[in-house]
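Enquirer: My structure is stored as target-v2.cif, with mmCIF, C-alpha atoms and all ligand atoms.
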data_coords
#
loop_
_atom_site.group_PDB
_atom_site.id
_atom_site.type_symbol
_atom_site.label_atom_id
_atom_site.label_comp_id
_atom_site.auth_asym_id
_atom_site.auth_seq_id
_atom_site.Cartn_x
_atom_site.Cartn_y
_atom_site.Cartn_z
ATOM 1 C CA MET A 1 7.099 59.335 17.470
ATOM 2 C CA ILE A 2 5.751 58.937 13.936
ATOM 3 C CA LYS A 3 7.922 57.377 11.268
ATOM 4 C CA LEU A 4 7.261 57.340 7.536
ATOM 5 C CA GLN A 5 8.993 54.662 5.527
ATOM 6 C CA ASN A 6 9.187 54.789 1.733
ATOM 7 C CA ILE A 7 5.766 56.354 1.246
ATOM 8 C CA LYS A 8 4.518 56.602 -2.310
ATOM 9 C CA LYS A 9 1.215 58.104 -3.417
ATOM 10 C CA SER A 10 -0.296 58.530 -6.870
ATOM 11 C CA PHE A 11 -3.606 59.742 -8.210
ATOM 12 C CA GLY A 12 -4.316 57.872 -11.430
ATOM 13 C CA ASP A 13 -1.050 57.765 -13.362
ATOM 14 C CA ARG A 14 0.274 60.902 -11.607
ATOM 15 C CA THR A 15 2.705 60.329 -8.727
ATOM 16 C CA VAL A 16 2.504 63.126 -6.142
ATOM 17 C CA LEU A 17 4.725 61.636 -3.401
ATOM 18 C CA TYR A 18 7.931 59.733 -4.184
ATOM 19 C CA ASP A 19 9.527 57.446 -1.619
ATOM 20 C CA ILE A 20 9.150 59.684 1.449
ATOM 21 C CA SER A 21 10.884 58.573 4.638
ATOM 22 C CA ALA A 22 10.835 60.892 7.645
ATOM 23 C CA GLU A 23 10.604 61.038 11.437
ATOM 24 C CA PHE A 24 8.362 63.317 13.495
ATOM 25 C CA LEU A 25 9.565 63.608 17.071
ATOM 26 C CA PRO A 26 7.708 63.933 20.412
ATOM 27 C CA GLY A 27 8.040 67.235 22.274
ATOM 28 C CA LYS A 28 9.019 68.942 19.009
ATOM 29 C CA CYS A 29 7.337 71.175 16.471
ATOM 30 C CA ASN A 30 7.777 69.178 13.257
ATOM 31 C CA LEU A 31 7.184 71.468 10.279
ATOM 32 C CA ILE A 32 6.274 70.434 6.747
ATOM 33 C CA ILE A 33 7.123 73.212 4.304
ATOM 34 C CA GLY A 34 7.272 73.591 0.530
ATOM 35 C CA SER A 35 5.728 75.525 -2.299
ATOM 36 C CA SER A 36 2.179 75.100 -3.501
ATOM 37 C CA GLY A 37 1.560 71.660 -4.979
ATOM 38 C CA SER A 38 4.695 70.093 -3.442
ATOM 39 C CA GLY A 39 2.626 67.479 -1.586
ATOM 40 C CA LYS A 40 2.318 68.809 1.959
ATOM 41 C CA THR A 41 -1.446 68.375 2.265
ATOM 42 C CA VAL A 42 -1.423 64.911 0.699
ATOM 43 C CA LEU A 43 1.275 63.943 3.208
ATOM 44 C CA MET A 44 -0.795 65.313 6.129
ATOM 45 C CA LYS A 45 -3.872 63.447 4.888
ATOM 46 C CA LEU A 46 -1.874 60.218 4.702
ATOM 47 C CA LEU A 47 -0.595 60.788 8.234
ATOM 48 C CA VAL A 48 -4.097 61.153 9.691
ATOM 49 C CA GLY A 49 -5.521 58.277 7.654
ATOM 50 C CA LEU A 50 -7.649 60.280 5.195
ATOM 51 C CA PHE A 51 -5.609 58.836 2.285
ATOM 52 C CA THR A 52 -3.928 55.433 1.989
ATOM 53 C CA PRO A 53 -0.412 55.220 0.531
ATOM 54 C CA ASP A 54 0.228 53.072 -2.570
ATOM 55 C CA SER A 55 3.199 51.604 -0.710
ATOM 56 C CA GLY A 56 5.266 52.244 2.403
ATOM 57 C CA GLN A 57 4.577 52.383 6.136
ATOM 58 C CA ILE A 58 3.158 55.004 8.512
ATOM 59 C CA LEU A 59 4.417 53.939 11.928
ATOM 60 C CA TYR A 60 2.841 55.336 15.097
ATOM 61 C CA HIS A 61 5.079 54.160 17.934
ATOM 62 C CA GLY A 62 6.157 51.327 15.655
ATOM 63 C CA ASP A 63 2.623 50.241 14.618
ATOM 64 C CA ASP A 64 1.789 50.608 10.956
ATOM 65 C CA MET A 65 -1.402 52.629 10.566
ATOM 66 C CA VAL A 66 -2.027 51.132 7.127
ATOM 67 C CA GLN A 67 -2.279 47.627 8.632
ATOM 68 C CA MET A 68 -4.444 48.608 11.624
ATOM 69 C CA SER A 69 -7.936 47.192 12.112
ATOM 70 C CA ARG A 70 -10.907 49.567 12.218
ATOM 71 C CA GLU A 71 -10.921 49.342 16.054
ATOM 72 C CA GLU A 72 -7.191 50.080 16.306
ATOM 73 C CA ARG A 73 -7.576 53.070 13.990
ATOM 74 C CA LYS A 74 -10.451 54.383 16.104
ATOM 75 C CA GLU A 75 -8.256 54.127 19.202
ATOM 76 C CA LEU A 76 -5.418 55.917 17.415
ATOM 77 C CA ARG A 77 -7.818 58.608 16.187
ATOM 78 C CA GLN A 78 -8.496 59.513 19.824
ATOM 79 C CA GLN A 79 -4.786 60.189 20.292
ATOM 80 C CA ILE A 80 -4.805 62.693 17.436
ATOM 81 C CA GLY A 81 -5.784 66.351 17.848
ATOM 82 C CA MET A 82 -6.365 68.466 14.763
ATOM 83 C CA LEU A 83 -6.291 72.211 14.260
ATOM 84 C CA PHE A 84 -7.838 72.867 10.867
ATOM 85 C CA GLN A 85 -7.072 75.728 8.524
ATOM 86 C CA GLY A 86 -9.534 78.551 9.298
ATOM 87 C CA SER A 87 -10.235 76.907 12.695
ATOM 88 C CA ALA A 88 -13.337 75.052 11.347
ATOM 89 C CA LEU A 89 -15.520 75.843 14.353
ATOM 90 C CA PHE A 90 -19.224 75.048 14.276
ATOM 91 C CA ASP A 91 -20.857 78.465 13.841
ATOM 92 C CA SER A 92 -24.134 77.457 15.492
ATOM 93 C CA MET A 93 -22.373 76.210 18.647
ATOM 94 C CA THR A 94 -20.914 78.265 21.474
ATOM 95 C CA VAL A 95 -17.206 78.154 22.310
ATOM 96 C CA GLU A 96 -17.987 75.741 25.150
ATOM 97 C CA GLN A 97 -20.010 73.418 22.887
ATOM 98 C CA ASN A 98 -17.290 73.481 20.208
ATOM 99 C CA VAL A 99 -14.595 72.474 22.680
ATOM 100 C CA MET A 100 -16.840 69.858 24.293
ATOM 101 C CA PHE A 101 -17.609 68.230 20.945
ATOM 102 C CA PRO A 102 -14.717 65.672 20.963
ATOM 103 C CA LEU A 103 -15.599 64.741 24.563
ATOM 104 C CA ASP A 104 -19.218 64.127 23.490
ATOM 105 C CA MET A 105 -17.967 62.014 20.569
ATOM 106 C CA PHE A 106 -15.335 59.935 22.307
ATOM 107 C CA THR A 107 -16.154 59.749 26.034
ATOM 108 C CA LYS A 108 -19.065 58.764 28.236
ATOM 109 C CA ASP A 109 -18.106 61.304 30.919
ATOM 110 C CA SER A 110 -20.788 63.200 32.825
ATOM 111 C CA TYR A 111 -21.606 66.760 31.765
ATOM 112 C CA ALA A 112 -19.923 68.095 34.918
ATOM 113 C CA THR A 113 -16.678 66.202 34.157
ATOM 114 C CA LYS A 114 -16.712 67.374 30.540
ATOM 115 C CA LEU A 115 -17.353 70.977 31.550
ATOM 116 C CA LYS A 116 -14.468 70.850 34.016
ATOM 117 C CA ARG A 117 -12.139 69.651 31.256
ATOM 118 C CA VAL A 118 -13.449 72.275 28.805
ATOM 119 C CA ASN A 119 -12.783 75.014 31.359
ATOM 120 C CA GLU A 120 -9.278 73.642 32.006
ATOM 121 C CA VAL A 121 -8.294 73.824 28.343
ATOM 122 C CA LEU A 122 -9.997 77.187 27.757
ATOM 123 C CA ASP A 123 -8.047 78.493 30.717
ATOM 124 C CA ARG A 124 -4.838 76.994 29.277
ATOM 125 C CA VAL A 125 -5.287 78.875 25.978
ATOM 126 C CA ASN A 126 -6.161 82.103 27.845
ATOM 127 C CA LEU A 127 -9.835 82.094 26.936
ATOM 128 C CA LYS A 128 -11.555 82.285 30.288
ATOM 129 C CA ASP A 129 -15.106 83.662 30.270
ATOM 130 C CA THR A 130 -15.766 83.064 26.584
ATOM 131 C CA ASN A 131 -17.823 79.873 27.086
ATOM 132 C CA LYS A 132 -21.126 81.305 25.961
ATOM 133 C CA LYS A 133 -19.857 83.297 22.995
ATOM 134 C CA TYR A 134 -20.425 82.192 19.386
ATOM 135 C CA PRO A 135 -17.554 82.050 16.834
ATOM 136 C CA ALA A 136 -18.953 85.118 15.030
ATOM 137 C CA GLU A 137 -18.514 87.132 18.238
ATOM 138 C CA ILE A 138 -14.756 86.502 18.683
ATOM 139 C CA SER A 139 -11.595 87.533 16.772
ATOM 140 C CA GLY A 140 -9.608 85.329 14.344
ATOM 141 C CA GLY A 141 -6.862 84.795 16.917
ATOM 142 C CA MET A 142 -9.417 83.766 19.545
ATOM 143 C CA LYS A 143 -11.016 81.354 17.067
ATOM 144 C CA LYS A 144 -7.615 79.731 16.560
ATOM 145 C CA ARG A 145 -7.251 79.390 20.315
ATOM 146 C CA VAL A 146 -10.688 77.770 20.532
ATOM 147 C CA GLY A 147 -9.546 75.437 17.730
ATOM 148 C CA ILE A 148 -6.414 74.618 19.729
ATOM 149 C CA ALA A 149 -8.468 74.039 22.904
ATOM 150 C CA ARG A 150 -10.705 71.638 20.960
ATOM 151 C CA ALA A 151 -7.651 69.894 19.481
ATOM 152 C CA ILE A 152 -6.068 69.261 22.894
ATOM 153 C CA VAL A 153 -9.212 68.535 24.932
ATOM 154 C CA LEU A 154 -8.699 64.752 24.686
ATOM 155 C CA ASN A 155 -5.068 65.168 25.723
ATOM 156 C CA PRO A 156 -3.692 63.847 22.414
ATOM 157 C CA GLN A 157 -0.230 62.396 21.866
ATOM 158 C CA TYR A 158 -0.218 63.787 18.321
ATOM 159 C CA LEU A 159 -1.230 67.276 17.249
ATOM 160 C CA PHE A 160 -1.712 68.184 13.573
ATOM 161 C CA CYS A 161 -1.967 71.855 12.610
ATOM 162 C CA ASP A 162 -2.813 72.834 9.051
ATOM 163 C CA GLU A 163 -1.646 76.386 8.313
ATOM 164 C CA PRO A 164 -2.241 77.578 11.905
ATOM 165 C CA ASN A 165 -1.397 81.197 11.023
ATOM 166 C CA SER A 166 -3.494 81.609 7.905
ATOM 167 C CA GLY A 167 -5.490 84.833 8.066
ATOM 168 C CA LEU A 168 -3.725 86.148 11.190
ATOM 169 C CA ASP A 169 -1.615 89.280 11.577
ATOM 170 C CA PRO A 170 2.102 88.753 12.372
ATOM 171 C CA GLN A 171 1.741 89.532 16.083
ATOM 172 C CA THR A 172 -1.212 87.181 16.603
ATOM 173 C CA SER A 173 0.639 84.544 14.540
ATOM 174 C CA MET A 174 3.518 84.708 17.001
ATOM 175 C CA VAL A 175 1.126 84.264 19.957
ATOM 176 C CA ILE A 176 -0.388 81.187 18.277
ATOM 177 C CA ASP A 177 3.055 79.761 17.414
ATOM 178 C CA LYS A 178 4.218 80.230 21.000
ATOM 179 C CA LEU A 179 1.088 78.567 22.348
ATOM 180 C CA ILE A 180 1.528 75.555 20.047
ATOM 181 C CA LYS A 181 5.214 75.325 20.965
ATOM 182 C CA ASP A 182 4.520 75.582 24.722
ATOM 183 C CA LEU A 183 1.787 72.926 24.596
ATOM 184 C CA THR A 184 4.059 70.640 22.563
ATOM 185 C CA VAL A 185 6.787 70.810 25.192
ATOM 186 C CA GLU A 186 4.385 70.710 28.172
ATOM 187 C CA PHE A 187 2.596 67.548 27.013
ATOM 188 C CA ASN A 188 5.464 66.018 24.989
ATOM 189 C CA THR A 189 3.185 65.989 21.966
ATOM 190 C CA THR A 190 4.383 64.977 18.520
ATOM 191 C CA THR A 191 3.233 68.140 16.744
ATOM 192 C CA ILE A 192 3.135 68.318 12.953
ATOM 193 C CA ILE A 193 2.542 71.673 11.332
ATOM 194 C CA ASN A 194 1.910 72.344 7.665
ATOM 195 C CA THR A 195 2.970 75.962 7.129
ATOM 196 C CA HIS A 196 3.833 78.653 4.607
ATOM 197 C CA ASP A 197 4.845 81.063 7.356
ATOM 198 C CA MET A 198 8.585 81.709 7.237
ATOM 199 C CA ASN A 199 8.516 83.406 10.621
ATOM 200 C CA SER A 200 7.155 80.171 12.134
ATOM 201 C CA VAL A 201 9.919 78.214 10.420
ATOM 202 C CA MET A 202 12.568 80.383 12.044
ATOM 203 C CA GLU A 203 10.834 80.585 15.458
ATOM 204 C CA ILE A 204 9.511 77.082 16.133
ATOM 205 C CA GLY A 205 11.061 74.833 13.479
ATOM 206 C CA ASP A 206 12.582 72.120 15.676
ATOM 207 C CA ASN A 207 12.468 69.556 12.893
ATOM 208 C CA ILE A 208 11.707 70.716 9.360
ATOM 209 C CA LEU A 209 10.806 68.651 6.309
ATOM 210 C CA TYR A 210 11.080 70.575 3.041
ATOM 211 C CA MET A 211 9.067 69.075 0.193
ATOM 212 C CA TYR A 212 9.866 69.787 -3.453
ATOM 213 C CA GLN A 213 7.646 68.477 -6.247
ATOM 214 C CA GLY A 214 6.674 65.378 -4.290
ATOM 215 C CA TYR A 215 10.181 64.593 -3.040
ATOM 216 C CA LYS A 216 11.751 65.043 0.370
ATOM 217 C CA GLN A 217 14.305 67.674 -0.592
ATOM 218 C CA TRP A 218 15.797 68.582 2.804
ATOM 219 C CA THR A 219 15.393 68.005 6.541
ATOM 220 C CA GLY A 220 16.935 69.858 9.454
ATOM 221 C CA THR A 221 16.368 72.368 12.234
ATOM 222 C CA LYS A 222 15.813 76.126 12.086
ATOM 223 C CA GLU A 223 19.513 76.517 12.934
ATOM 224 C CA ASP A 224 20.534 74.161 10.105
ATOM 225 C CA ILE A 225 18.522 76.271 7.646
ATOM 226 C CA ILE A 226 20.824 79.223 8.220
ATOM 227 C CA PHE A 227 23.806 77.171 7.060
ATOM 228 C CA SER A 228 22.119 75.094 4.369
ATOM 229 C CA THR A 229 23.666 75.147 0.919
ATOM 230 C CA ASP A 230 20.630 73.504 -0.686
ATOM 231 C CA GLU A 231 19.791 75.918 -3.501
ATOM 232 C CA LYS A 232 16.131 74.916 -3.778
ATOM 233 C CA LEU A 233 15.604 75.358 -0.043
ATOM 234 C CA ASN A 234 17.451 78.677 0.011
ATOM 235 C CA SER A 235 15.490 80.171 -2.847
ATOM 236 C CA PHE A 236 12.243 78.983 -1.216
ATOM 237 C CA ILE A 237 12.956 80.218 2.330
ATOM 238 C CA PHE A 238 15.051 83.292 1.674
ATOM 239 C CA ALA A 239 13.170 84.408 -1.422
ATOM 240 C CA SER A 240 13.544 88.165 -0.917
ATOM 241 C CA GLU A 241 16.599 90.345 -0.403
ATOM 242 C CA PHE A 242 15.194 91.270 3.012
ATOM 243 C CA LEU A 243 15.066 87.618 4.088
ATOM 244 C CA GLN A 244 18.523 86.984 2.645
ATOM 245 C CA ASP A 245 19.813 89.875 4.804
ATOM 246 C CA ALA A 246 18.015 88.455 7.841
ATOM 247 C CA LYS A 247 19.697 85.093 7.211
ATOM 248 C CA ASN A 248 23.115 86.769 6.966
ATOM 249 C CA MET A 249 22.505 88.676 10.202
ATOM 250 C CA ARG A 250 21.481 85.479 11.985
ATOM 251 C CA MET A 251 24.634 83.793 10.685
ATOM 252 C CA LEU A 252 26.673 86.718 11.982
ATOM 253 C CA GLU A 253 25.024 86.370 15.414
ATOM 254 C CA MET A 254 25.672 82.639 15.525
ATOM 255 C CA THR A 255 29.226 82.502 14.171
ATOM 256 C CA GLY A 256 30.610 86.029 14.383
ATOM 257 C CA LYS A 257 31.047 86.221 10.606
ATOM 258 C CA TYR A 258 29.076 86.916 7.434
ATOM 259 C CA PRO A 259 28.729 84.159 4.849
ATOM 260 C CA GLY A 260 31.941 83.858 2.880
ATOM 261 C CA GLN A 261 33.976 85.796 5.482
ATOM 262 C CA THR A 262 36.989 84.186 7.159
ATOM 263 C CA PRO A 263 36.568 83.710 10.930
ATOM 264 C CA PRO A 264 37.784 86.561 13.171
ATOM 265 C CA THR A 265 41.414 86.023 14.253
ATOM 266 C CA ASN A 266 41.080 87.715 17.659
ATOM 267 C CA ALA A 267 38.587 85.116 18.958
HETATM 268 N N1 LIG B 1 -7.575 64.117 -4.277
HETATM 269 C C1 LIG B 1 -6.673 64.398 -5.238
HETATM 270 N N2 LIG B 1 -6.809 63.878 -6.486
HETATM 271 C C2 LIG B 1 -5.889 64.133 -7.444
HETATM 272 N N3 LIG B 1 -4.791 64.903 -7.260
HETATM 273 C C3 LIG B 1 -4.612 65.445 -6.051
HETATM 274 C C4 LIG B 1 -5.538 65.218 -4.982
HETATM 275 N N4 LIG B 1 -5.079 65.873 -3.874
HETATM 276 C C5 LIG B 1 -3.935 66.479 -4.262
HETATM 277 N N5 LIG B 1 -3.652 66.213 -5.545
HETATM 278 C C6 LIG B 1 -2.465 66.684 -6.292
HETATM 279 O O1 LIG B 1 -1.320 66.374 -5.520
HETATM 280 C C7 LIG B 1 -0.332 67.394 -5.660
HETATM 281 C C8 LIG B 1 0.093 67.857 -4.277
HETATM 282 O O2 LIG B 1 -1.005 68.558 -3.702
HETATM 283 P P1 LIG B 1 -1.020 69.125 -2.213
HETATM 284 O O3 LIG B 1 -2.407 69.605 -1.966
HETATM 285 O O4 LIG B 1 -0.479 68.103 -1.288
HETATM 286 O O5 LIG B 1 -0.015 70.352 -2.327
HETATM 287 P P2 LIG B 1 0.403 71.366 -1.165
HETATM 288 O O6 LIG B 1 1.884 71.295 -1.071
HETATM 289 O O7 LIG B 1 -0.373 71.093 0.062
HETATM 290 O O8 LIG B 1 -0.048 72.747 -1.798
HETATM 291 P P3 LIG B 1 -0.666 74.067 -1.057
HETATM 292 O O9 LIG B 1 0.484 74.676 -0.329
HETATM 293 O O10 LIG B 1 -1.116 74.898 -2.207
HETATM 294 O O11 LIG B 1 -1.774 73.621 -0.162
HETATM 295 C C9 LIG B 1 -0.964 68.508 -6.497
HETATM 296 O O12 LIG B 1 -0.488 68.397 -7.809
HETATM 297 C C10 LIG B 1 -2.434 68.203 -6.427
HETATM 298 O O13 LIG B 1 -3.088 68.606 -7.630
#
What do you get writing this file as structure tokens?
Ligand SMILES: Nc1ncnc2c1ncn2[C@@H]1O[C@H](COP(=O)(O)OP(=O)(O)OP(=O)(O)O)[C@@H](O)[C@H]1O
Expert:
Amino acid sequence: MIKLQNIKKSFGDRTVLYDISAEFLPGKCNLIIGSSGSGKTVLMKLLVGLFTPDSGQILYHGDDMVQMSREERKELRQQIGMLFQGSALFDSMTVEQNVMFPLDMFTKDSYATKLKRVNEVLDRVNLKDTNKKYPAEISGGMKKRVGIARAIVLNPQYLFCDEPNSGLDPQTSMVIDKLIKDLTVEFNTTTIINTHDMNSVMEIGDNILYMYQGYKQWTGTKEDIIFSTDEKLNSFIFASEFLQDAKNMRMLEMTGKYPGQTPPTNA
């Protein structure tokens, strides 16, 4: 589990995060959502140690990352897998070399051991027989899966995904979401996903943090969202009439009534 306690972050005299406290749970897809400029990326960068907070604690299993020594941070870094926006594969390396990269960096395993592990994770993300291909030779969805294979190759306890669906069509996005969700449950990973994708929110949002202008505005599950009366959250998530209708239909499915309707008397 990762716990944030009273995190504050400013750049110069401009505060961009105000007193954020939150919990990110193991075995769950923890989503950070919010409009552009609300502070999601700064929060992610604080969580992985790329920024330091002005005050507050970032607790990994109770240990404050801010107070960790260089050695302790290096150890923690090995427990963190990252899926970057746009996959961030090395274009001059094959799929196999891309996925092997963290093993080269962080282990002293033999080539045979590393290759075995690479093949295991490629198999797990349904990318058998792509070892010798270059990123330019595979589709966007396959690149994401290579990115996921690279992120999980060290068997991390924590998985960070920055906009995992950016640039993907809706169907491929759902495949990627399902893969991330399945891996999270399978390995009990604390998965943190920065997303703009409302479909992901409704499909895999086990634990959602909604940011608004640097503040934690709302937290809850994808089920809670349906019943939320938070106006800022509602106008962000259910921005269109179509989405508002979808919300009402979901509420009907879950409760047997439309919003504002009295419950059925024949229940
Ligand atoms: N390195 C930086 N120096 C100064 N200001 C920054 C820096 N990084 C981010 N900010 C500011 O912090 C605020 C929050 O930015 P952030 O990138 O976290 O937003 P976001 O919610 O991730 O937006 P988007 O969805 O567009 O990626 C913005 O006003 C941004 O200009």
Enquirer: Given a cut-off of 8 Å, what residues near ligand LIG 1 (chain B) show up using all atoms listed in the file, put as a PyMOL selection string?
Expert: chain A and resi 10-12+14-17+33-44+195-196+211+213-214
Enquirer: Next, dump the selected residues to file, keeping only C-alpha atoms, as a compact mmCIF listing (two decimals), in the coordinates of the input.
Expert:
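part-v2.txt was written with the following content:
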# COMPACT_ATOMS: atom_id res chain seq x y z
CA SER A 10 -0.30 58.53 -6.87
CA PHE A 11 -3.61 59.74 -8.21
CA GLY A 12 -4.32 57.87 -11.43
CA ARG A 14 0.27 60.90 -11.61
CA THR A 15 2.70 60.33 -8.73
CA VAL A 16 2.50 63.13 -6.14
CA LEU A 17 4.72 61.64 -3.40
CA ILE A 33 7.12 73.21 4.30
CA GLY A 34 7.27 73.59 0.53
CA SER A 35 5.73 75.53 -2.30
CA SER A 36 2.18 75.10 -3.50
CA GLY A 37 1.56 71.66 -4.98
CA SER A 38 4.70 70.09 -3.44
CA GLY A 39 2.63 67.48 -1.59
CA LYS A 40 2.32 68.81 1.96
CA THR A 41 -1.45 68.38 2.26
CA VAL A 42 -1.42 64.91 0.70
CA LEU A 43 1.27 63.94 3.21
CA MET A 44 -0.80 65.31 6.13
CA THR A 195 2.97 75.96 7.13
CA HIS A 196 3.83 78.65 4.61
CA MET A 211 9.07 69.08 0.19
CA GLN A 213 7.65 68.48 -6.25
CA GLY A 214 6.67 65.38 -4.29
Enquirer: Write out as a ChimeraX atom specification which residues come within 12 Å of A:Arg70 when counting only C-alpha atoms, dropping same-chain ones fewer than 6 positions away.
Expert: /A:49,76-77
Enquirer: Excluding A:Asn30 and its own-chain neighbours fewer than 2 positions away, which residues fall within 9 Å of it when counting all atoms listed in the file? Please give them as a PyMOL selection string.
Expert: chain A and resi 23-26+28+32+190-194+204-209
Enquirer: Starting from the PyMOL selection byres (((chain A and resi 66) around 10) and not hetatm), expand the selection into actual residues of this file and give them as a list in words.
Expert: Leu46, Leu47, Gly49, Phe51, Thr52, Pro53, Ser55, Gly56, Gln57, Ile58, Leu59, Asp63, Asp64, Met65, Gln67, Met68, Ser69 and Arg73 of chain A
Enquirer: A:Leu122, A:Met1, A:Leu154, A:Met249: which is nearest A:Ile80, counting only C-alpha atoms?
Expert: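 Among A:Leu122, A:Met1, A:Leu154, A:Met249, it is A:Leu154 that comes nearest to A:Ile80.
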Enquirer: If we count all atoms listed in the file and set the cut-off at 8 Å, which residues sit around A:Val125, ignoring sequence neighbours fewer than 5 positions away in its own chain? Please answer as a list in words.
Expert: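 Residues meeting the cut-off are Arg145, Val146, Ile148, Ala149 and Leu179 of chain A.
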